[in-house]
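Coordinates from query.pdb are shown below (PDB, C-alpha atoms).
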```
ATOM      1  CA  MET A 231      11.650  15.128   6.869
ATOM      2  CA  SER A 232      11.208  17.572   9.727
ATOM      3  CA  LYS A 233       8.193  17.600  12.039
ATOM      4  CA  LYS A 234       6.927  20.769  10.380
ATOM      5  CA  GLU A 235       7.118  19.173   6.935
ATOM      6  CA  LYS A 236       5.118  16.181   8.212
ATOM      7  CA  GLU A 237       2.236  18.360   9.385
ATOM      8  CA  ASP A 238      -1.030  18.652   7.492
ATOM      9  CA  LYS A 239      -1.088  22.162   6.016
ATOM     10  CA  ASN A 240      -4.902  22.059   5.544
ATOM     11  CA  THR A 241      -4.560  23.511   2.057
ATOM     12  CA  PHE A 242      -4.955  20.381  -0.067
ATOM     13  CA  MET A 243      -6.707  17.081   0.539
ATOM     14  CA  ASN A 244      -4.972  14.030   1.925
ATOM     15  CA  LEU A 245      -5.210  11.638  -1.029
ATOM     16  CA  MET A 246      -4.715   8.636   1.240
ATOM     17  CA  THR A 247      -8.177   9.124   2.733
ATOM     18  CA  ASP A 248     -10.935   7.034   1.146
ATOM     19  CA  PHE A 249     -13.006  10.055   0.231
ATOM     20  CA  ALA A 250     -10.211  12.095  -1.339
ATOM     21  CA  PHE A 251      -8.791   9.196  -3.339
ATOM     22  CA  LYS A 252     -12.155   8.268  -4.869
ATOM     23  CA  HIS A 253     -13.103  11.949  -5.226
ATOM     24  CA  MET A 254      -9.975  12.636  -7.297
ATOM     25  CA  PHE A 255      -9.591   9.434  -9.307
ATOM     26  CA  GLY A 256     -13.052   7.888  -9.344
ATOM     27  CA  SER A 257     -15.236  10.802 -10.431
ATOM     28  CA  VAL A 258     -16.441  11.368 -14.000
ATOM     29  CA  SER A 259     -16.092  15.143 -13.606
ATOM     30  CA  ARG A 260     -12.422  14.698 -12.649
ATOM     31  CA  LYS A 261     -11.486  11.828 -14.941
ATOM     32  CA  HIS A 262      -8.813  13.981 -16.553
ATOM     33  CA  ILE A 263      -6.850  13.519 -13.309
ATOM     34  CA  LEU A 264      -7.081   9.728 -13.612
ATOM     35  CA  ILE A 265      -6.172   9.852 -17.312
ATOM     36  CA  GLN A 266      -3.086  11.942 -16.536
ATOM     37  CA  PHE A 267      -2.071   9.461 -13.827
ATOM     38  CA  LEU A 268      -2.501   6.432 -16.112
ATOM     39  CA  ASN A 269      -0.565   8.029 -18.961
ATOM     40  CA  ILE A 270       2.310   8.843 -16.622
ATOM     41  CA  MET A 271       2.390   5.309 -15.208
ATOM     42  CA  PHE A 272       2.526   3.734 -18.685
ATOM     43  CA  GLU A 273       4.467   6.429 -20.526
ATOM     44  CA  LYS A 274       7.556   4.263 -21.102
ATOM     45  CA  GLU A 275       5.483   1.602 -22.848
ATOM     46  CA  GLY A 276       3.826   3.946 -25.295
ATOM     47  CA  LEU A 277       0.355   3.259 -23.935
ATOM     48  CA  HIS A 278      -1.722   6.416 -24.226
ATOM     49  CA  VAL A 279      -5.189   6.753 -22.735
ATOM     50  CA  TYR A 280      -7.414   9.385 -24.354
ATOM     51  CA  ASP A 281     -10.552   8.721 -22.369
ATOM     52  CA  VAL A 282     -11.975   6.304 -19.779
ATOM     53  CA  THR A 283     -15.377   4.825 -19.064
ATOM     54  CA  TYR A 284     -16.089   4.183 -15.392
ATOM     55  CA  HIS A 285     -17.788   0.953 -14.349
ATOM     56  CA  ASP A 286     -19.654  -0.150 -11.248
ATOM     57  CA  LYS A 287     -17.290  -0.402  -8.299
ATOM     58  CA  GLU A 288     -19.214  -3.326  -6.831
ATOM     59  CA  VAL A 289     -18.982  -6.535  -8.864
ATOM     60  CA  LEU A 290     -21.335  -9.322  -7.827
ATOM     61  CA  PRO A 291     -20.288 -12.983  -8.067
ATOM     62  CA  LYS A 292     -21.777 -15.413 -10.574
ATOM     63  CA  ASN A 293     -23.432 -17.396  -7.784
ATOM     64  CA  ILE A 294     -24.914 -16.554  -4.385
ATOM     65  CA  PHE A 295     -21.993 -18.147  -2.541
ATOM     66  CA  GLY A 296     -19.303 -16.169  -4.388
ATOM     67  CA  LYS A 297     -17.405 -13.174  -3.021
ATOM     68  CA  VAL A 298     -18.462  -9.610  -3.795
ATOM     69  CA  ILE A 299     -15.655  -7.362  -5.041
ATOM     70  CA  LYS A 300     -15.602  -3.624  -4.343
ATOM     71  CA  TYR A 301     -13.129  -1.649  -6.410
ATOM     72  CA  ASP A 302     -11.932   1.854  -5.555
ATOM     73  CA  VAL A 303     -11.673   2.753  -9.238
ATOM     74  CA  TYR A 304     -12.530   0.498 -12.181
ATOM     75  CA  CYS A 305     -12.623   1.754 -15.766
ATOM     76  CA  THR A 306     -11.828   0.862 -19.369
ATOM     77  CA  SER A 307     -10.391   2.807 -22.273
ATOM     78  CA  PRO A 308     -12.965   3.299 -25.076
ATOM     79  CA  LYS A 309     -10.465   2.721 -27.899
ATOM     80  CA  ASN A 310      -8.490  -0.409 -26.987
ATOM     81  CA  LYS A 311     -10.718  -1.547 -24.128
ATOM     82  CA  GLU A 312      -7.868  -1.953 -21.657
ATOM     83  CA  HIS A 313      -9.145  -2.475 -18.136
ATOM     84  CA  PHE A 314      -7.719  -0.283 -15.363
ATOM     85  CA  ILE A 315      -8.140  -0.899 -11.647
ATOM     86  CA  VAL A 316      -6.650   1.637  -9.235
ATOM     87  CA  GLU A 317      -6.664   0.950  -5.491
ATOM     88  CA  MET A 318      -5.364   2.618  -2.344
ATOM     89  CA  GLN A 319      -4.252   0.234   0.414
ATOM     90  CA  ARG A 320      -2.941   1.866   3.589
ATOM     91  CA  VAL A 321      -2.433  -1.221   5.778
ATOM     92  CA  HIS A 322      -1.228  -4.705   4.902
ATOM     93  CA  HIS A 323      -3.663  -7.449   5.852
ATOM     94  CA  PRO A 324      -3.206 -11.224   5.608
ATOM     95  CA  GLY A 325      -4.461 -12.285   2.204
ATOM     96  CA  PHE A 326      -3.898  -8.880   0.594
ATOM     97  CA  GLU A 327      -1.780 -10.378  -2.203
ATOM     98  CA  ASN A 328      -4.484 -12.931  -2.975
ATOM     99  CA  ARG A 329      -7.109 -10.201  -3.018
ATOM    100  CA  ALA A 330      -5.044  -8.231  -5.522
ATOM    101  CA  ILE A 331      -4.871 -11.295  -7.775
ATOM    102  CA  LEU A 332      -8.609 -11.902  -7.420
ATOM    103  CA  TYR A 333      -9.394  -8.309  -8.413
ATOM    104  CA  ALA A 334      -7.442  -8.722 -11.646
ATOM    105  CA  ILE A 335      -8.793 -12.200 -12.406
ATOM    106  CA  ARG A 336     -12.408 -11.121 -11.900
ATOM    107  CA  ALA A 337     -11.946  -8.209 -14.314
ATOM    108  CA  ALA A 338     -10.437 -10.578 -16.889
ATOM    109  CA  GLY A 339     -12.976 -13.362 -16.407
ATOM    110  CA  ASN A 340     -15.989 -11.086 -16.704
ATOM    111  CA  GLN A 341     -14.936  -9.959 -20.174
ATOM    112  CA  LEU A 342     -16.190 -13.099 -21.924
ATOM    113  CA  LYS A 343     -19.650 -14.518 -22.408
ATOM    114  CA  LYS A 344     -20.682 -18.010 -23.410
ATOM    115  CA  GLY A 345     -19.650 -18.822 -26.976
ATOM    116  CA  GLN A 346     -17.067 -16.048 -27.294
ATOM    117  CA  LYS A 347     -13.464 -16.713 -28.282
ATOM    118  CA  TYR A 348     -10.795 -16.504 -25.628
ATOM    119  CA  GLU A 349      -9.709 -12.998 -26.548
ATOM    120  CA  LEU A 350      -8.988 -11.021 -23.402
ATOM    121  CA  LYS A 351      -8.112  -7.363 -23.103
ATOM    122  CA  PRO A 352      -5.255  -6.460 -20.723
ATOM    123  CA  VAL A 353      -6.124  -5.816 -17.097
ATOM    124  CA  TYR A 354      -3.831  -3.281 -15.429
ATOM    125  CA  THR A 355      -4.197  -3.240 -11.648
ATOM    126  CA  ILE A 356      -2.352  -0.477  -9.784
ATOM    127  CA  PHE A 357      -2.190  -0.686  -6.001
ATOM    128  CA  LEU A 358      -0.870   2.360  -4.150
ATOM    129  CA  VAL A 359       0.279   0.803  -0.876
ATOM    130  CA  ASN A 360       1.503   2.579   2.237
ATOM    131  CA  PHE A 361       3.749  -0.307   3.320
ATOM    132  CA  HIS A 362       6.513  -2.547   2.031
ATOM    133  CA  MET A 363       5.383  -5.735   0.304
ATOM    134  CA  PRO A 364       6.285  -8.472   2.827
ATOM    135  CA  ASN A 365       7.723 -11.010   0.371
ATOM    136  CA  LEU A 366       9.504  -8.557  -1.949
ATOM    137  CA  LYS A 367      12.623  -6.445  -1.618
ATOM    138  CA  PRO A 368      11.823  -2.774  -0.866
ATOM    139  CA  LYS A 369      11.572  -0.536  -3.948
ATOM    140  CA  ASP A 370       9.194   2.104  -5.197
ATOM    141  CA  LEU A 371       7.450   0.009  -7.882
ATOM    142  CA  HIS A 372       6.854  -3.736  -8.210
ATOM    143  CA  ASP A 373       5.657  -4.785 -11.690
ATOM    144  CA  VAL A 374       4.196  -8.306 -11.497
ATOM    145  CA  ARG A 375       3.358 -10.276 -14.665
ATOM    146  CA  LEU A 376       3.054 -13.852 -15.918
ATOM    147  CA  MET A 377       6.455 -14.887 -17.246
ATOM    148  CA  ASP A 378       8.808 -17.819 -17.675
ATOM    149  CA  ILE A 379      10.718 -18.073 -14.409
ATOM    150  CA  ASP A 380      14.047 -18.983 -16.067
ATOM    151  CA  SER A 381      14.162 -16.839 -19.201
ATOM    152  CA  HIS A 382      12.002 -13.982 -17.802
ATOM    153  CA  GLU A 383      10.123 -13.961 -21.114
ATOM    154  CA  ILE A 384       6.632 -12.510 -20.799
ATOM    155  CA  PHE A 385       4.027 -15.269 -21.135
ATOM    156  CA  SER A 386       1.011 -12.957 -21.147
ATOM    157  CA  ASP A 387       0.205  -9.287 -20.560
ATOM    158  CA  VAL A 388      -3.446  -9.949 -19.784
ATOM    159  CA  LEU A 389      -2.916  -9.883 -16.015
ATOM    160  CA  ARG A 390      -0.605  -7.220 -14.661
ATOM    161  CA  LEU A 391      -0.318  -6.090 -11.062
ATOM    162  CA  MET A 392       1.645  -3.003 -10.135
ATOM    163  CA  PHE A 393       2.372  -2.155  -6.498
ATOM    164  CA  VAL A 394       3.497   1.426  -5.887
ATOM    165  CA  THR A 395       5.064   1.475  -2.415
ATOM    166  CA  LEU A 396       4.522   4.988  -1.072
ATOM    167  CA  PRO A 397       7.104   4.648   1.752
ATOM    168  CA  ASP A 398       9.766   4.380  -0.969
ATOM    169  CA  ALA A 399       8.662   7.516  -2.798
ATOM    170  CA  LYS A 400      11.281  10.251  -3.148
ATOM    171  CA  LYS A 401      11.755  12.190   0.084
ATOM    172  CA  THR A 402      11.618  15.649  -1.499
ATOM    173  CA  TRP A 403      10.141  17.213  -4.634
ATOM    174  CA  GLU A 404      13.628  18.216  -5.763
ATOM    175  CA  GLN A 405      14.722  14.561  -5.805
ATOM    176  CA  CYS A 406      11.994  13.647  -8.301
ATOM    177  CA  THR A 407      13.392  13.501 -11.832
ATOM    178  CA  THR A 408      10.548  11.763 -13.721
ATOM    179  CA  GLN A 409       6.837  12.438 -14.030
ATOM    180  CA  GLN A 410       6.157   9.085 -12.407
ATOM    181  CA  GLU A 411       8.252   9.962  -9.373
ATOM    182  CA  LYS A 412       6.496  13.320  -9.133
ATOM    183  CA  ILE A 413       2.928  12.020  -9.286
ATOM    184  CA  ILE A 414       3.693   9.341  -6.685
ATOM    185  CA  TYR A 415       5.345  11.944  -4.441
ATOM    186  CA  LEU A 416       2.257  14.165  -4.734
ATOM    187  CA  ILE A 417      -0.157  11.350  -3.911
ATOM    188  CA  LYS A 418       1.789  10.689  -0.741
ATOM    189  CA  ASN A 419       2.494  14.287   0.319
ATOM    190  CA  LEU A 420      -0.134  16.619  -1.160
ATOM    191  CA  HIS A 421      -1.719  17.347   2.241
ATOM    192  CA  ARG A 422       1.678  18.444   3.596
ATOM    193  CA  MET A 423       1.933  21.219   0.999
ATOM    194  CA  ASP A 424       0.651  24.745   0.639
ATOM    195  CA  LYS A 425       0.904  27.325  -2.123
ATOM    196  CA  GLU A 426       4.454  28.144  -1.116
ATOM    197  CA  SER A 427       5.594  24.574  -1.756
ATOM    198  CA  ALA A 428       8.036  23.981  -4.584
ATOM    199  CA  ALA A 429       5.719  21.459  -6.234
ATOM    200  CA  TYR A 430       2.854  23.954  -6.391
ATOM    201  CA  LYS A 431       5.056  26.793  -7.598
ATOM    202  CA  SER A 432       6.477  24.615 -10.373
ATOM    203  CA  GLY A 433       3.187  24.927 -12.251
ATOM    204  CA  GLU A 434       3.132  21.207 -12.959
ATOM    205  CA  PHE A 435       0.034  19.187 -12.068
ATOM    206  CA  GLU A 436      -2.035  22.358 -11.879
ATOM    207  CA  ASP A 437      -5.304  20.464 -12.332
ATOM    208  CA  LEU A 438      -4.462  18.088  -9.487
ATOM    209  CA  PHE A 439      -3.734  20.966  -7.100
ATOM    210  CA  ASN A 440      -6.885  22.860  -8.112
ATOM    211  CA  GLU A 441      -9.165  19.856  -7.695
ATOM    212  CA  ALA A 442      -7.586  18.968  -4.347
ATOM    213  CA  GLU A 443      -7.752  22.463  -2.859
ATOM    214  CA  LEU A 444      -9.896  22.402   0.269
ATOM    215  CA  ASP A 445     -11.251  25.901  -0.276
ATOM    216  CA  ASN A 446     -12.762  24.763  -3.597
ATOM    217  CA  MET A 447     -14.876  22.025  -1.990
ATOM    218  CA  VAL A 448     -18.623  22.340  -1.587
ATOM    219  CA  ALA A 449     -19.928  22.044   1.980
ATOM    220  CA  GLU A 450     -21.238  18.479   1.558
ATOM    221  CA  ASP A 451     -17.892  17.217   0.239
ATOM    222  CA  ALA A 452     -16.009  19.084   2.960
ATOM    223  CA  VAL A 453     -18.005  17.251   5.637
ATOM    224  CA  ALA A 454     -17.480  13.861   3.960
ATOM    225  CA  TYR A 455     -13.756  14.546   3.609
ATOM    226  CA  SER A 456     -13.454  15.603   7.250
ATOM    227  CA  GLU A 457     -15.096  12.356   8.406
ATOM    228  CA  SER A 458     -12.849  10.290   6.132
ATOM    229  CA  LYS A 459      -9.791  12.104   7.434
ATOM    230  CA  LEU A 460     -10.771  11.354  11.032
ATOM    231  CA  ARG A 461     -11.120   7.663  10.180
ATOM    232  CA  LEU A 462      -7.636   7.695   8.639
ATOM    233  CA  GLU A 463      -6.179   9.418  11.708
ATOM    234  CA  ASP A 464      -7.829   6.828  13.978
ATOM    235  CA  GLU A 465      -6.424   4.052  11.815
ATOM    236  CA  LEU A 466      -2.913   5.487  11.918
ATOM    237  CA  ALA A 467      -3.151   6.066  15.676
ATOM    238  CA  ALA A 468      -4.144   2.419  16.154
ATOM    239  CA  LEU A 469      -1.188   1.336  14.046
ATOM    240  CA  ASP A 470       1.181   3.487  16.115
ATOM    241  CA  TYR A 471      -0.270   2.068  19.330
ATOM    242  CA  ASN A 472       0.063  -1.533  18.132
ATOM    243  CA  TYR A 473       3.601  -0.835  16.948
ATOM    244  CA  GLU A 474       4.638   0.670  20.283
ATOM    245  CA  LYS A 475       2.895  -2.159  22.126
ATOM    246  CA  GLY A 476       4.725  -4.694  19.997
ATOM    247  CA  MET A 477       8.038  -2.944  20.579
ATOM    248  CA  THR A 478       7.422  -2.895  24.351
ATOM    249  CA  GLN A 479       6.448  -6.552  24.399
ATOM    250  CA  GLY A 480       9.501  -7.359  22.295
ATOM    251  CA  LYS A 481      11.775  -5.527  24.727
ATOM    252  CA  ILE A 482      10.218  -7.316  27.707
ATOM    253  CA  LYS A 483      10.563 -10.678  26.012
ATOM    254  CA  GLY A 484      14.149  -9.844  25.075
ATOM    255  CA  ARG A 485      15.016  -8.955  28.648
ATOM    256  CA  GLU A 486      13.384 -12.167  29.890
ATOM    257  CA  GLU A 487      15.363 -14.220  27.390
ATOM    258  CA  GLY A 488      18.522 -12.396  28.440
ATOM    259  CA  ARG A 489      17.958 -13.131  32.122
ATOM    260  CA  LYS A 490      17.215 -16.761  31.306
ATOM    261  CA  GLU A 491      20.440 -17.079  29.331
ATOM    262  CA  GLU A 492      22.372 -15.516  32.228
ATOM    263  CA  LYS A 493      20.953 -18.182  34.549
ATOM    264  CA  PHE A 494      22.067 -20.912  32.158
ATOM    265  CA  GLU A 495      25.560 -19.431  31.987
ATOM    266  CA  VAL A 496      25.846 -19.214  35.781
ATOM    267  CA  ALA A 497      24.550 -22.765  36.157
ATOM    268  CA  ARG A 498      27.022 -23.976  33.562
ATOM    269  CA  LYS A 499      29.931 -22.437  35.492
ATOM    270  CA  MET A 500      28.654 -23.898  38.785
ATOM    271  CA  LYS A 501      28.334 -27.313  37.213
ATOM    272  CA  ASN A 502      31.850 -27.153  35.742
ATOM    273  CA  GLY A 503      33.123 -26.010  39.157
ATOM    274  CA  GLY A 504      31.798 -29.168  40.791
ATOM    275  CA  MET A 505      28.902 -27.651  42.722
ATOM    276  CA  SER A 506      26.140 -30.071  43.665
ATOM    277  CA  LEU A 507      22.946 -30.310  41.619
ATOM    278  CA  GLY A 508      20.833 -29.275  44.623
ATOM    279  CA  ASP A 509      22.846 -26.123  45.229
ATOM    280  CA  ILE A 510      22.708 -25.139  41.556
ATOM    281  CA  MET A 511      18.922 -25.573  41.567
ATOM    282  CA  LEU A 512      18.688 -23.502  44.743
ATOM    283  CA  TYR A 513      20.764 -20.567  43.485
ATOM    284  CA  THR A 514      19.498 -20.414  39.870
ATOM    285  CA  GLY A 515      15.908 -21.615  40.128
ATOM    286  CA  LEU A 516      16.490 -23.959  37.173
ATOM    287  CA  SER A 517      15.021 -27.465  37.100
ATOM    288  CA  GLU A 518      17.025 -30.660  37.365
ATOM    289  CA  LYS A 519      16.415 -31.413  33.683
ATOM    290  CA  GLN A 520      17.489 -27.929  32.551
ATOM    291  CA  ILE A 521      20.741 -28.254  34.446
ATOM    292  CA  SER A 522      21.327 -31.812  33.224
ATOM    293  CA  ASP A 523      20.877 -30.648  29.617
ATOM    294  CA  LEU A 524      23.632 -28.032  29.915
TER     295      LEU A 524
END
```
Structure re-expressed in structure tokens:
Amino acid sequence: MSKKEKEDKNTFMNLMTDFAFKHMFGSVSRKHILIQFLNIMFEKEGLHVYDVTYHDKEVLPKNIFGKVIKYDVYCTSPKNKEHFIVEMQRVHHPGFENRAILYAIRAAGNQLKKGQKYELKPVYTIFLVNFHMPNLKPKDLHDVRLMDIDSHEIFSDVLRLMFVTLPDAKKTWEQCTTQQEKIIYLIKNLHRMDKESAAYKSGEFEDLFNEAELDNMVAEDAVAYSESKLRLEDELAALDYNYEKGMTQGKIKGREEGRKEEKFEVARKMKNGGMSLGDIMLYTGLSEKQISDL
């Protein structure tokens, strides 16, 4: 992707900002956008969502010492009562995988009250992540379920975690051949588009484009979006700085290791050539033990 294509066109919202993501997928007035997204994600399985009921994003623990959970989007389908959790995660943090599991477990555990039978409705948790999952091979979608490790038979569909890795989304709109590939591409790249973009001109996802258009925002939302965008830019800048710092430190450490290895090699040749221990220590700066261990 060229530098120009990476630029924010300031026509549509950046859906990776906190405000825009919750504005588009977590609002009752725009729930048709969320419904479209869910139906695309589960199209192959024949799961069709006609409507959703939003629930409180903050879920309190059962006791005062428990952990509070704050969802980005949490809803259920009125007909079959499936539970849907949709989250945006831009940066990987230690414990992220455990947090994802906890989010799903809490939604499952809170379904039952004392005396009820153990009949749980499925919990579908979709994480849109802007990084590669550390312990998994890179691909655009990881579908995690409870299954038998040998036969790969599904043990239960109650807990299901899906990780959509945005870095592995298709690079161009033209490369997208399925609705799932297209919606993921748009989530990642909407802010890089304008009304001359192929995706916009295609006429697909018209509602998504209309709701995300910056010119359609009321003043209060525009201010909130601008602040959220600045926070995202600061976060990305910090990541770039830490990456460059890490690369620099890695290069310095590599050079130091290289120089150290050169000293060992020189000392080894001196030792094999019969040079005295004192002279080798003098010329290489190595200790007596280091030279003796060669």
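Evaluated against this file, the PyMOL selection byres ((chain A and resi 420) around 9) yields A:Asp238, A:Thr241, A:Phe242, A:Met243, A:Asn244, A:Leu245, A:Tyr415, A:Leu416, A:Ile417, A:Lys418, A:Asn419, A:His421, A:Arg422, A:Met423, A:Asp424, A:Phe439, A:Ala442.
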Counting all atoms listed in the file, which residues of stretch 231-278 of chain A sit at most 8 Å from some atom of stretch 313-324 of chain A, and what is each one's closest atom pair with its distance in Å to one decimal, listed by chain and rising residue number, as a tab-separated table?
```
residue	atom	partner	partner_atom	distance
A:Met246	CA	A:Met318	CA	7.0
A:Asp248	CA	A:Met318	CA	7.9
A:Phe251	CA	A:Met318	CA	7.5
```
Q | Between atom CA of A:Ser259 and atom CA of A:Leu389 - distance in Å to one decimal | A | 28.4 Å
Q: For the structure shown, which residues end up in the PyMOL selection byres ((chain A and resi 395-408) around 9)? Put them as a ChimeraX atom specification, please?
A: /A:231,357-363,368-372,393-394,409-418,428-429
Q.
So that I can check the surroundings of A:Thr283, please list as a ChimeraX atom specification every protein, DNA and RNA residue that reaches within 12 Å of it, counting all atoms listed in the file and ignoring chain neighbours fewer than 5 positions away.
A. /A:256-259,261-262,264-265,303-315
Write the selection just made, keeping C-alpha atoms, as a PDB file, in the frame of the given file?
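The result, written out as part05.pdb:
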```
ATOM      1  CA  GLY A 256     -13.052   7.888  -9.344  1.00  0.00           C
ATOM      2  CA  SER A 257     -15.236  10.802 -10.431  1.00  0.00           C
ATOM      3  CA  VAL A 258     -16.441  11.368 -14.000  1.00  0.00           C
ATOM      4  CA  SER A 259     -16.092  15.143 -13.606  1.00  0.00           C
ATOM      5  CA  LYS A 261     -11.486  11.828 -14.941  1.00  0.00           C
ATOM      6  CA  HIS A 262      -8.813  13.981 -16.553  1.00  0.00           C
ATOM      7  CA  LEU A 264      -7.081   9.728 -13.612  1.00  0.00           C
ATOM      8  CA  ILE A 265      -6.172   9.852 -17.312  1.00  0.00           C
ATOM      9  CA  VAL A 303     -11.673   2.753  -9.238  1.00  0.00           C
ATOM     10  CA  TYR A 304     -12.530   0.498 -12.181  1.00  0.00           C
ATOM     11  CA  CYS A 305     -12.623   1.754 -15.766  1.00  0.00           C
ATOM     12  CA  THR A 306     -11.828   0.862 -19.369  1.00  0.00           C
ATOM     13  CA  SER A 307     -10.391   2.807 -22.273  1.00  0.00           C
ATOM     14  CA  PRO A 308     -12.965   3.299 -25.076  1.00  0.00           C
ATOM     15  CA  LYS A 309     -10.465   2.721 -27.899  1.00  0.00           C
ATOM     16  CA  ASN A 310      -8.490  -0.409 -26.987  1.00  0.00           C
ATOM     17  CA  LYS A 311     -10.718  -1.547 -24.128  1.00  0.00           C
ATOM     18  CA  GLU A 312      -7.868  -1.953 -21.657  1.00  0.00           C
ATOM     19  CA  HIS A 313      -9.145  -2.475 -18.136  1.00  0.00           C
ATOM     20  CA  PHE A 314      -7.719  -0.283 -15.363  1.00  0.00           C
ATOM     21  CA  ILE A 315      -8.140  -0.899 -11.647  1.00  0.00           C
TER      22      ILE A 315
END
```
Q: Within 12 Å of A:Leu332, counting only C-alpha atoms, which residues show up once you throw out same-chain ones fewer than 3 positions away? Write them as a PyMOL selection string, please.
A: chain A and resi 289+291+296-301+315+325-329+335-340+353+355+389-391
Write a file of the selected residues as a PDB file, in the coordinates of the input, keeping C-alpha atoms.
```
ATOM      1  CA  VAL A 289     -18.982  -6.535  -8.864  1.00  0.00           C
ATOM      2  CA  PRO A 291     -20.288 -12.983  -8.067  1.00  0.00           C
ATOM      3  CA  GLY A 296     -19.303 -16.169  -4.388  1.00  0.00           C
ATOM      4  CA  LYS A 297     -17.405 -13.174  -3.021  1.00  0.00           C
ATOM      5  CA  VAL A 298     -18.462  -9.610  -3.795  1.00  0.00           C
ATOM      6  CA  ILE A 299     -15.655  -7.362  -5.041  1.00  0.00           C
ATOM      7  CA  LYS A 300     -15.602  -3.624  -4.343  1.00  0.00           C
ATOM      8  CA  TYR A 301     -13.129  -1.649  -6.410  1.00  0.00           C
ATOM      9  CA  ILE A 315      -8.140  -0.899 -11.647  1.00  0.00           C
ATOM     10  CA  GLY A 325      -4.461 -12.285   2.204  1.00  0.00           C
ATOM     11  CA  PHE A 326      -3.898  -8.880   0.594  1.00  0.00           C
ATOM     12  CA  GLU A 327      -1.780 -10.378  -2.203  1.00  0.00           C
ATOM     13  CA  ASN A 328      -4.484 -12.931  -2.975  1.00  0.00           C
ATOM     14  CA  ARG A 329      -7.109 -10.201  -3.018  1.00  0.00           C
ATOM     15  CA  ILE A 335      -8.793 -12.200 -12.406  1.00  0.00           C
ATOM     16  CA  ARG A 336     -12.408 -11.121 -11.900  1.00  0.00           C
ATOM     17  CA  ALA A 337     -11.946  -8.209 -14.314  1.00  0.00           C
ATOM     18  CA  ALA A 338     -10.437 -10.578 -16.889  1.00  0.00           C
ATOM     19  CA  GLY A 339     -12.976 -13.362 -16.407  1.00  0.00           C
ATOM     20  CA  ASN A 340     -15.989 -11.086 -16.704  1.00  0.00           C
ATOM     21  CA  VAL A 353      -6.124  -5.816 -17.097  1.00  0.00           C
ATOM     22  CA  THR A 355      -4.197  -3.240 -11.648  1.00  0.00           C
ATOM     23  CA  LEU A 389      -2.916  -9.883 -16.015  1.00  0.00           C
ATOM     24  CA  ARG A 390      -0.605  -7.220 -14.661  1.00  0.00           C
ATOM     25  CA  LEU A 391      -0.318  -6.090 -11.062  1.00  0.00           C
TER      26      LEU A 391
END
```
Enclosing box along x, y and z for every listed atom of stretch 334-343 of chain A, padded 6 Å each side, centre and size in Å, one decimal, as lines of an AutoDock Vina configuration file:
```
center_x = -13.5
center_y = -11.4
center_z = -17.0
size_x = 24.2
size_y = 18.3
size_z = 22.8
```
Q: Pick out the closest residue to A:Ala250 from this set: A:Asp302, A:Glu237, A:Gly504, A:Ser427. Count all atoms listed in the file.
A: A:Asp302
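Of the listed residues A:Ile263, A:Asp464, A:Phe255, A:Met500, the one whose atoms come nearest to A:Phe435 is A:Ile263, with distances taken using all atoms listed in the file.
For the set A:Pro352, A:Gly433, A:Gly345, A:Gly276, the residue with the smallest atom-to-atom gap to A:Arg375 is A:Pro352, counting only C-alpha atoms.
Contact shell of A:Met377 at 12 Å (all atoms listed in the file; same-chain neighbours under 3 positions omitted): Asp373, Val374, Asp380, Ser381, His382, Glu383, Ile384, Phe385, Ser386, Asp387, Val388, Leu389 and Arg390 of chain A.
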I need the chosen residues saved as a CSV table (one decimal), keeping the file's coordinate frame, with C-alpha atoms.
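Result written to out.csv:
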```csv
chain,number,residue,atom,x,y,z
A,373,ASP,CA,5.7,-4.8,-11.7
A,374,VAL,CA,4.2,-8.3,-11.5
A,380,ASP,CA,14.0,-19.0,-16.1
A,381,SER,CA,14.2,-16.8,-19.2
A,382,HIS,CA,12.0,-14.0,-17.8
A,383,GLU,CA,10.1,-14.0,-21.1
A,384,ILE,CA,6.6,-12.5,-20.8
A,385,PHE,CA,4.0,-15.3,-21.1
A,386,SER,CA,1.0,-13.0,-21.1
A,387,ASP,CA,0.2,-9.3,-20.6
A,388,VAL,CA,-3.4,-9.9,-19.8
A,389,LEU,CA,-2.9,-9.9,-16.0
A,390,ARG,CA,-0.6,-7.2,-14.7
```
Q. So how far away is atom CA of A:Tyr354 from atom CA of A:Asp437, in Å?
A. 24.0 Å
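Here atom CA of A:Leu438 stands at a distance of 27.1 Å from atom CA of A:Ala334.
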Because some atoms of stretch 306-311 of chain A are absent here, can you restore N, CA and C atoms and send them as a compact mmCIF listing (two decimals), in the coordinates of the input?
```txt
# COMPACT_ATOMS: atom_id res chain seq x y z
N THR A 306 -12.44 1.38 -18.14
CA THR A 306 -11.83 0.86 -19.37
C THR A 306 -11.58 2.02 -20.32
N SER A 307 -10.65 1.80 -21.25
CA SER A 307 -10.39 2.81 -22.27
C SER A 307 -11.31 2.52 -23.46
N PRO A 308 -12.00 3.53 -23.99
CA PRO A 308 -12.96 3.30 -25.08
C PRO A 308 -12.34 2.74 -26.35
N LYS A 309 -11.08 3.11 -26.63
CA LYS A 309 -10.46 2.72 -27.90
C LYS A 309 -10.00 1.27 -27.89
N ASN A 310 -9.08 0.93 -27.00
CA ASN A 310 -8.49 -0.41 -26.99
C ASN A 310 -9.10 -1.33 -25.93
N LYS A 311 -10.00 -0.76 -25.14
CA LYS A 311 -10.72 -1.55 -24.13
C LYS A 311 -9.81 -2.13 -23.04
```
